[in-house]
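Text of protein24.cif (mmCIF, C-alpha atoms) as supplied:
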data_input
#
loop_
_atom_site.group_PDB
_atom_site.id
_atom_site.type_symbol
_atom_site.label_atom_id
_atom_site.label_comp_id
_atom_site.auth_asym_id
_atom_site.auth_seq_id
_atom_site.Cartn_x
_atom_site.Cartn_y
_atom_site.Cartn_z
ATOM 1 C CA MET K 103 0.000 0.000 0.000
ATOM 2 C CA THR K 104 1.436 3.357 -0.994
ATOM 3 C CA THR K 105 1.571 6.376 1.261
ATOM 4 C CA HIS K 106 -1.017 8.227 -0.814
ATOM 5 C CA ARG K 107 -3.414 5.323 -0.618
ATOM 6 C CA ARG K 108 -2.891 5.047 3.145
ATOM 7 C CA TYR K 109 -3.640 8.766 3.566
ATOM 8 C CA ALA K 110 -6.734 8.427 1.371
ATOM 9 C CA HIS K 111 -8.051 5.574 3.513
ATOM 10 C CA ALA K 112 -7.343 7.472 6.731
ATOM 11 C CA LEU K 113 -9.017 10.656 5.465
ATOM 12 C CA THR K 114 -12.045 8.682 4.308
ATOM 13 C CA ALA K 115 -12.391 6.946 7.683
ATOM 14 C CA ILE K 116 -12.114 10.236 9.572
ATOM 15 C CA SER K 117 -14.632 11.766 7.165
ATOM 16 C CA PHE K 118 -17.149 9.007 7.947
ATOM 17 C CA LEU K 119 -16.644 9.472 11.675
ATOM 18 C CA LEU K 120 -17.178 13.221 11.351
ATOM 19 C CA ALA K 121 -20.310 12.640 9.267
ATOM 20 C CA ALA K 122 -21.695 10.397 12.008
ATOM 21 C CA GLY K 123 -20.807 13.036 14.591
ATOM 22 C CA ALA K 124 -22.497 15.715 12.505
ATOM 23 C CA LEU K 125 -25.685 13.653 12.322
ATOM 24 C CA TYR K 126 -25.654 13.147 16.076
ATOM 25 C CA ALA K 127 -24.986 16.868 16.682
ATOM 26 C CA ALA K 128 -27.900 17.762 14.388
ATOM 27 C CA TYR K 129 -30.114 15.261 16.229
ATOM 28 C CA GLN K 130 -29.170 16.908 19.544
ATOM 29 C CA ALA K 131 -29.864 20.368 18.006
ATOM 30 C CA TYR K 132 -26.257 21.602 18.142
ATOM 31 C CA TRP K 133 -26.561 23.278 14.751
ATOM 32 C CA LEU K 134 -23.304 25.199 14.737
ATOM 33 C CA VAL K 135 -21.343 22.066 15.629
ATOM 34 C CA ALA K 136 -23.240 20.078 13.002
ATOM 35 C CA VAL K 137 -22.443 22.644 10.293
ATOM 36 C CA ALA K 138 -18.768 22.771 11.283
ATOM 37 C CA MET K 139 -18.507 18.979 11.262
ATOM 38 C CA THR K 140 -20.275 18.772 7.899
ATOM 39 C CA TYR K 141 -17.828 21.281 6.436
ATOM 40 C CA SER K 142 -14.917 19.299 7.877
ATOM 41 C CA THR K 143 -16.372 16.113 6.414
ATOM 42 C CA ALA K 144 -16.540 17.657 2.944
ATOM 43 C CA LEU K 145 -13.016 19.029 3.232
ATOM 44 C CA LEU K 146 -11.575 15.678 4.302
ATOM 45 C CA ALA K 147 -13.501 13.831 1.576
ATOM 46 C CA TRP K 148 -12.037 16.211 -1.004
ATOM 47 C CA GLY K 149 -8.556 15.619 0.421
ATOM 48 C CA ALA K 150 -9.078 11.863 0.199
ATOM 49 C CA SER K 151 -10.097 12.125 -3.456
ATOM 50 C CA ARG K 152 -6.974 14.186 -4.238
ATOM 51 C CA GLU K 153 -4.743 11.642 -2.474
ATOM 52 C CA ARG K 154 -6.346 8.834 -4.485
ATOM 53 C CA ALA K 155 -5.788 10.769 -7.718
ATOM 54 C CA VAL K 156 -2.119 11.398 -6.905
ATOM 55 C CA GLY K 157 -1.635 7.740 -6.038
ATOM 56 C CA ARG K 158 -3.247 6.582 -9.288
ATOM 57 C CA ARG K 159 -1.112 9.020 -11.282
ATOM 58 C CA LEU K 160 2.108 7.811 -9.634
ATOM 59 C CA GLN K 161 1.183 4.192 -10.371
ATOM 60 C CA ALA K 162 0.438 5.073 -14.001
ATOM 61 C CA GLU K 163 3.782 6.879 -14.308
ATOM 62 C CA GLU K 164 5.573 3.869 -12.820
ATOM 63 C CA ARG K 165 3.882 1.452 -15.255
ATOM 64 C CA HIS K 166 4.634 3.804 -18.136
ATOM 65 C CA ALA K 167 8.311 4.080 -17.170
ATOM 66 C CA THR K 168 8.551 0.290 -16.932
ATOM 67 C CA ARG K 169 7.040 -0.133 -20.398
ATOM 68 C CA ARG K 170 9.394 2.489 -21.833
ATOM 69 C CA ALA K 171 12.424 0.794 -20.278
ATOM 70 C CA ASP K 172 11.443 -2.635 -21.624
ATOM 71 C CA LEU K 173 10.898 -1.523 -25.221
ATOM 72 C CA ASP K 174 13.172 -0.311 -27.969
ATOM 73 C CA PRO K 175 13.382 3.530 -27.949
ATOM 74 C CA LEU K 176 11.746 3.650 -31.379
ATOM 75 C CA ASP K 177 8.814 1.509 -30.196
ATOM 76 C CA ALA K 178 8.312 3.337 -26.893
ATOM 77 C CA PRO K 179 4.722 4.279 -25.983
ATOM 78 C CA PRO K 180 3.715 7.942 -26.232
ATOM 79 C CA PRO K 181 4.016 10.071 -23.099
ATOM 80 C CA LEU K 182 1.215 10.172 -20.588
ATOM 81 C CA ALA K 183 -1.397 12.807 -21.238
ATOM 82 C CA PRO K 184 -2.280 14.879 -19.372
ATOM 83 C CA CYS K 185 0.977 15.339 -17.518
ATOM 84 C CA CYS K 186 -0.749 17.090 -14.585
ATOM 85 C CA PRO K 187 -4.025 18.834 -13.645
ATOM 86 C CA LEU K 188 -2.617 22.114 -14.990
ATOM 87 C CA TRP K 189 -2.566 20.549 -18.450
ATOM 88 C CA TYR K 190 -6.276 21.129 -18.914
ATOM 89 C CA HIS K 191 -6.139 24.810 -17.995
ATOM 90 C CA SER K 192 -2.861 26.012 -19.467
ATOM 91 C CA THR K 193 -1.982 26.834 -23.039
ATOM 92 C CA THR K 194 1.789 26.609 -22.734
ATOM 93 C CA VAL K 195 4.445 24.105 -21.792
ATOM 94 C CA HIS K 196 4.733 24.494 -18.024
ATOM 95 C CA GLY K 197 7.552 22.179 -17.019
ATOM 96 C CA SER K 198 10.277 19.800 -18.108
ATOM 97 C CA THR K 199 7.922 16.813 -17.936
ATOM 98 C CA CYS K 200 5.033 18.518 -19.748
ATOM 99 C CA THR K 201 3.566 16.379 -22.535
ATOM 100 C CA ARG K 202 1.647 19.184 -24.234
ATOM 101 C CA VAL K 203 2.294 19.478 -27.951
ATOM 102 C CA ILE K 204 2.218 23.105 -29.022
ATOM 103 C CA PRO K 205 0.919 23.439 -32.595
ATOM 104 C CA ALA K 206 3.041 25.476 -35.004
ATOM 105 C CA ALA K 207 1.830 29.025 -35.504
ATOM 106 C CA SER K 208 -0.043 29.588 -38.731
ATOM 107 C CA ALA K 209 0.980 32.194 -41.280
ATOM 108 C CA ASP K 210 -2.047 34.352 -40.391
ATOM 109 C CA SER K 211 -1.139 34.514 -36.714
ATOM 110 C CA ARG K 212 2.481 35.438 -37.490
ATOM 111 C CA GLN K 213 1.429 38.394 -39.605
ATOM 112 C CA GLY K 214 -0.662 39.789 -36.780
ATOM 113 C CA ASN K 215 -2.558 42.963 -37.622
ATOM 114 C CA ALA K 216 -0.426 43.947 -40.588
ATOM 115 C CA ALA K 217 -3.106 45.152 -42.967
#

Written as structure tokens, how would this file's structure read?
Amino acid sequence: MTTHRRYAHALTAISFLLAAGALYAAYQAYWLVAVAMTYSTALLAWGASRERAVGRRLQAEERHATRRADLDPLDAPPPLAPCCPLWYHSTTVHGSTCTRVIPAASADSRQGNAA
């Protein structure tokens, strides 16, 4: 079990315990406590989902590196896409491991507003 997976399991378990506590606090009419515990539950559930995503990505990168090492360099599989969550929102190469392919600029865009 990887560290990220362990953290995801721990955050999920704590999230369930807080959800149960929030239900009990709401039942006892401690509304402020119930709201705070519900918010904490959502925050920890989000953290658990991020830890799971990081763990899955690291496993995919490890499998990909193993496949690349086992094959001839000319037969190597293409790089993983997207390289990170920023890949969806950026329009430029953002790091040394970025897999984004920047299309060549067209003749119209190079001329700009020269009219």

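Our summary of the geometry notes that atom CA of K:Ala121 is positioned 11.4 Å from atom CA of K:Val135.
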
Quick one: apply the PyMOL selection byres ((chain K and resi 160) around 12) to the file and drop the selected residues here as a ChimeraX atom specification.
/K:104-107,153-159,161-167,182,185-186

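Evaluated against the shown file, the PyMOL selection byres ((chain K and resi 117) around 12) gives Tyr109, Ala110, His111, Ala112, Leu113, Thr114, Ala115, Ile116, Phe118, Leu119, Leu120, Ala121, Ala122, Gly123, Ala124, Met139, Thr140, Tyr141, Ser142, Thr143, Ala144, Leu145, Leu146, Ala147, Trp148, Gly149, Ala150 and Ser151 of chain K.
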
Kindly give the distance, in Å, that separates atom CA of K:Arg108 and atom CA of K:Asp172, rounded to a single decimal.
29.6 Å

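Interatomic distance, atom CA of K:Tyr126 to atom CA of K:Ala138: 12.8 Å.
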
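Comparing the minimum interatomic distances between K:Leu125 and each of K:Leu176, K:Met103, K:Val137, K:Ala171, counting all atoms listed in the file, we find that K:Val137 sits nearest.
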